Amino acid sequence: PQGSILGVDISPSMIQFAKTTFNQYGNLHFALQDAQQLDYQEEFDMIFSLTTLQWVQSHEAFLAGAYQGLKHGGLLAITMPMGLPSTLE
C-alpha cells in the first residue's frame, strides 16, 4: 500500500501498545495527542474516529480540528456506540 495511517490517542499506554503491536507496518504511525487539540492543516484524505467521541468533552473542538485537518474534499467518518451506560453519558 502507498497510503499511510496516523493513529492518535491521549493515553501513553495505548500509543505504546499500538507501536509495539503494529511495528511491522512501515506505513502506520502513532502520536500522543488530545483529540480536542488537533492542529493539522489540510493533511488527511480521511479521518476516521472509531468510538472516540463519548470520551471527548468538547465535540466542537474535535470537529473543528478534524475539519481543518482534512484536505479539500476529504471525508470524516465517525462511529459512536449506542445505548451507553448512564455513567458514560
# chains A, B, ... in the order shown; residues from 1 in each chain; ligands from 1
$ residues_around --residues "stretch 4-18 of chain A" --least-positions-apart "6" --cutoff "9 Å" --atoms "only C-alpha atoms" --output "ChimeraX atom specification"
/A:26-35
$ select_by_dssp --residues "chain A" --states "strand (DSSP E or B)" --output "list in words"
Ile5, Leu6, Gly7, Val8, Asp9, Leu28, His29, Phe30, Ala31, Leu32, Phe44, Asp45, Met46, Ile47, Phe48, Ser49, Leu50, Leu70, Lys71, His72, Gly73, Gly74, Leu75, Leu76, Ala77, Ile78 and Thr79 of chain A
$ write_last_selection --atoms "N, CA and C atoms" --output "CSV table (one decimal), in the first residue's frame"
chain,number,residue,atom,x,y,z
A,5,ILE,N,-1.1,5.8,7.6
A,5,ILE,CA,-2.2,6.0,8.6
A,5,ILE,C,-1.5,6.5,9.9
A,6,LEU,N,-2.1,7.5,10.5
A,6,LEU,CA,-1.7,8.1,11.7
A,6,LEU,C,-2.8,7.8,12.7
A,7,GLY,N,-2.4,7.2,13.8
A,7,GLY,CA,-3.3,6.9,14.9
A,7,GLY,C,-3.0,7.8,16.1
A,8,VAL,N,-4.0,8.5,16.7
A,8,VAL,CA,-3.7,9.4,17.8
A,8,VAL,C,-4.5,8.9,19.0
A,9,ASP,N,-4.0,9.1,20.2
A,9,ASP,CA,-4.7,8.8,21.4
A,9,ASP,C,-4.1,9.6,22.5
A,28,LEU,N,2.3,2.7,9.2
A,28,LEU,CA,1.5,3.1,10.4
A,28,LEU,C,2.3,3.9,11.4
A,29,HIS,N,1.7,5.0,11.8
A,29,HIS,CA,2.4,5.9,12.7
A,29,HIS,C,1.4,6.3,13.9
A,30,PHE,N,2.0,6.5,15.0
A,30,PHE,CA,1.1,6.8,16.2
A,30,PHE,C,1.6,8.0,17.0
A,31,ALA,N,0.7,8.8,17.4
A,31,ALA,CA,1.1,10.1,18.1
A,31,ALA,C,0.2,10.2,19.4
A,32,LEU,N,0.9,10.7,20.4
A,32,LEU,CA,0.2,11.0,21.7
A,32,LEU,C,-0.4,12.4,21.5
A,44,PHE,N,-5.1,15.3,5.6
A,44,PHE,CA,-5.6,14.0,5.5
A,44,PHE,C,-6.7,13.9,4.5
A,45,ASP,N,-6.7,12.8,3.7
A,45,ASP,CA,-7.8,12.5,2.8
A,45,ASP,C,-9.0,12.0,3.6
A,46,MET,N,-8.8,11.3,4.7
A,46,MET,CA,-9.9,10.8,5.5
A,46,MET,C,-9.5,10.8,7.0
A,47,ILE,N,-10.4,11.1,7.8
A,47,ILE,CA,-10.2,11.0,9.3
A,47,ILE,C,-11.4,10.1,9.7
A,48,PHE,N,-11.0,9.0,10.5
A,48,PHE,CA,-11.9,8.0,10.9
A,48,PHE,C,-11.8,8.0,12.5
A,49,SER,N,-12.9,8.3,13.1
A,49,SER,CA,-13.0,8.3,14.6
A,49,SER,C,-13.8,7.1,15.0
A,50,LEU,N,-13.2,6.2,15.6
A,50,LEU,CA,-13.8,4.9,16.0
A,50,LEU,C,-14.1,4.9,17.5
A,70,LEU,N,-8.6,18.0,7.3
A,70,LEU,CA,-8.9,17.4,6.1
A,70,LEU,C,-8.5,18.2,4.9
A,71,LYS,N,-8.0,17.4,3.8
A,71,LYS,CA,-7.8,18.1,2.5
A,71,LYS,C,-9.1,18.4,1.9
A,72,HIS,N,-9.1,19.3,1.0
A,72,HIS,CA,-10.4,19.7,0.2
A,72,HIS,C,-11.0,18.4,-0.3
A,73,GLY,N,-12.3,18.2,0.0
A,73,GLY,CA,-13.0,17.0,-0.5
A,73,GLY,C,-12.7,15.8,0.4
A,74,GLY,N,-12.0,16.0,1.5
A,74,GLY,CA,-11.8,14.9,2.4
A,74,GLY,C,-13.0,14.4,3.1
A,75,LEU,N,-12.9,13.2,3.8
A,75,LEU,CA,-14.0,12.6,4.4
A,75,LEU,C,-13.8,12.4,5.9
A,76,LEU,N,-14.8,12.7,6.7
A,76,LEU,CA,-14.7,12.5,8.1
A,76,LEU,C,-15.8,11.4,8.4
A,77,ALA,N,-15.3,10.3,9.0
A,77,ALA,CA,-16.3,9.2,9.4
A,77,ALA,C,-16.2,9.0,10.9
A,78,ILE,N,-17.3,9.0,11.5
A,78,ILE,CA,-17.4,8.9,13.0
A,78,ILE,C,-18.3,7.7,13.3
A,79,THR,N,-17.9,6.9,14.3
A,79,THR,CA,-18.8,5.9,14.8
A,79,THR,C,-18.9,6.2,16.3
$ atom_distance --atom1 "atom CA of A:Thr51" --atom2 "atom CA of A:Gln68"
20.6 Å
$ residues_around --residues "A:Gly69" --least-positions-apart "2" --cutoff "8 Å" --atoms "only C-alpha atoms" --output "JSON, numbers by chain"
{"A": [38, 39, 40, 41, 42, 43, 44, 65, 66, 67, 71]}
$ closest_residue --among "A:Ala64, A:Thr52, A:Phe22, A:Gly3" --to "A:Gln37" --atoms "only C-alpha atoms"
A:Ala64
$ select_by_dssp --residues "chain A" --states "alpha helix (DSSP H)" --output "CSV table (one decimal) with C-alpha atoms, in the first residue's frame"
chain,number,residue,atom,x,y,z
A,12,PRO,CA,0.5,7.0,26.6
A,13,SER,CA,-0.1,3.3,27.3
A,14,MET,CA,-2.4,3.0,24.2
A,15,ILE,CA,0.2,4.6,22.0
A,16,GLN,CA,2.9,2.3,23.3
A,17,PHE,CA,0.6,-0.7,22.8
A,18,ALA,CA,-0.1,0.3,19.2
A,19,LYS,CA,3.6,1.0,18.4
A,20,THR,CA,4.6,-2.4,19.9
A,21,THR,CA,1.8,-4.4,18.3
A,59,HIS,CA,-17.2,17.7,20.4
A,60,GLU,CA,-17.0,21.1,18.9
A,61,ALA,CA,-13.2,21.3,19.4
A,62,PHE,CA,-12.7,17.8,17.9
A,63,LEU,CA,-14.9,18.6,14.9
A,64,ALA,CA,-13.2,21.9,14.2
A,65,GLY,CA,-9.7,20.3,14.4
A,66,ALA,CA,-10.8,17.4,12.3
A,67,TYR,CA,-12.3,19.7,9.7
A,68,GLN,CA,-9.1,21.8,9.4
A,69,GLY,CA,-7.0,18.6,9.1
$ decode --residues "stretch 2-14 of chain A" --atoms "all heavy atoms" --output "short mmCIF file (atom, residue, chain, number, x, y, z; two decimals), in the first residue's frame"
data_model
loop_
_atom_site.label_atom_id
_atom_site.label_comp_id
_atom_site.auth_asym_id
_atom_site.auth_seq_id
_atom_site.Cartn_x
_atom_site.Cartn_y
_atom_site.Cartn_z
N GLN A 2 0.37 2.27 -0.66
CA GLN A 2 1.11 3.52 -0.73
C GLN A 2 0.60 4.54 0.26
O GLN A 2 1.23 5.57 0.46
CB GLN A 2 1.07 4.07 -2.15
CG GLN A 2 1.78 3.18 -3.12
CD GLN A 2 1.99 3.86 -4.44
OE1 GLN A 2 1.71 5.03 -4.61
NE2 GLN A 2 2.48 3.11 -5.40
N GLY A 3 -0.53 4.30 0.86
CA GLY A 3 -1.08 5.23 1.83
C GLY A 3 -0.40 5.08 3.17
O GLY A 3 0.39 4.17 3.41
N SER A 4 -0.70 6.03 4.04
CA SER A 4 -0.18 5.94 5.40
C SER A 4 -1.31 6.26 6.38
O SER A 4 -2.29 6.92 6.03
CB SER A 4 1.00 6.88 5.61
OG SER A 4 0.60 8.22 5.45
N ILE A 5 -1.14 5.78 7.59
CA ILE A 5 -2.16 5.95 8.62
C ILE A 5 -1.49 6.53 9.86
O ILE A 5 -0.43 6.07 10.28
CB ILE A 5 -2.82 4.60 8.97
CG1 ILE A 5 -3.54 4.05 7.73
CG2 ILE A 5 -3.76 4.74 10.15
CD1 ILE A 5 -4.04 2.63 7.90
N LEU A 6 -2.14 7.52 10.45
CA LEU A 6 -1.71 8.10 11.72
C LEU A 6 -2.80 7.84 12.74
O LEU A 6 -3.94 8.24 12.57
CB LEU A 6 -1.49 9.61 11.58
CG LEU A 6 -1.20 10.35 12.88
CD1 LEU A 6 0.13 9.88 13.50
CD2 LEU A 6 -1.19 11.85 12.65
N GLY A 7 -2.43 7.15 13.82
CA GLY A 7 -3.34 6.92 14.92
C GLY A 7 -2.99 7.84 16.06
O GLY A 7 -1.81 7.98 16.40
N VAL A 8 -3.97 8.49 16.65
CA VAL A 8 -3.71 9.36 17.80
C VAL A 8 -4.54 8.91 18.99
O VAL A 8 -5.64 8.39 18.83
CB VAL A 8 -3.98 10.86 17.50
CG1 VAL A 8 -3.09 11.35 16.36
CG2 VAL A 8 -5.43 11.11 17.18
N ASP A 9 -3.98 9.10 20.17
CA ASP A 9 -4.68 8.77 21.41
C ASP A 9 -4.09 9.63 22.51
O ASP A 9 -2.92 10.02 22.45
CB ASP A 9 -4.51 7.29 21.75
CG ASP A 9 -5.58 6.79 22.70
OD1 ASP A 9 -5.63 7.22 23.86
OD2 ASP A 9 -6.39 5.95 22.26
N ILE A 10 -4.90 9.91 23.51
CA ILE A 10 -4.44 10.72 24.65
C ILE A 10 -3.71 9.86 25.69
O ILE A 10 -3.06 10.38 26.58
CB ILE A 10 -5.62 11.49 25.28
CG1 ILE A 10 -5.12 12.63 26.15
CG2 ILE A 10 -6.54 10.53 26.03
CD1 ILE A 10 -6.20 13.58 26.60
N SER A 11 -3.81 8.55 25.56
CA SER A 11 -3.24 7.63 26.53
C SER A 11 -1.85 7.16 26.10
O SER A 11 -1.71 6.48 25.07
CB SER A 11 -4.15 6.41 26.70
OG SER A 11 -3.48 5.37 27.38
N PRO A 12 -0.82 7.47 26.90
CA PRO A 12 0.53 6.98 26.56
C PRO A 12 0.59 5.45 26.46
O PRO A 12 1.28 4.92 25.59
CB PRO A 12 1.40 7.48 27.71
CG PRO A 12 0.66 8.66 28.26
CD PRO A 12 -0.80 8.33 28.08
N SER A 13 -0.16 4.75 27.32
CA SER A 13 -0.11 3.29 27.27
C SER A 13 -0.75 2.75 25.99
O SER A 13 -0.29 1.74 25.44
CB SER A 13 -0.77 2.67 28.51
OG SER A 13 -2.13 3.01 28.59
N MET A 14 -1.79 3.40 25.49
CA MET A 14 -2.41 2.96 24.24
C MET A 14 -1.48 3.21 23.05
O MET A 14 -1.38 2.37 22.14
CB MET A 14 -3.75 3.66 24.02
CG MET A 14 -4.84 3.20 24.98
SD MET A 14 -5.16 1.43 24.92
CE MET A 14 -5.93 1.27 23.32
#
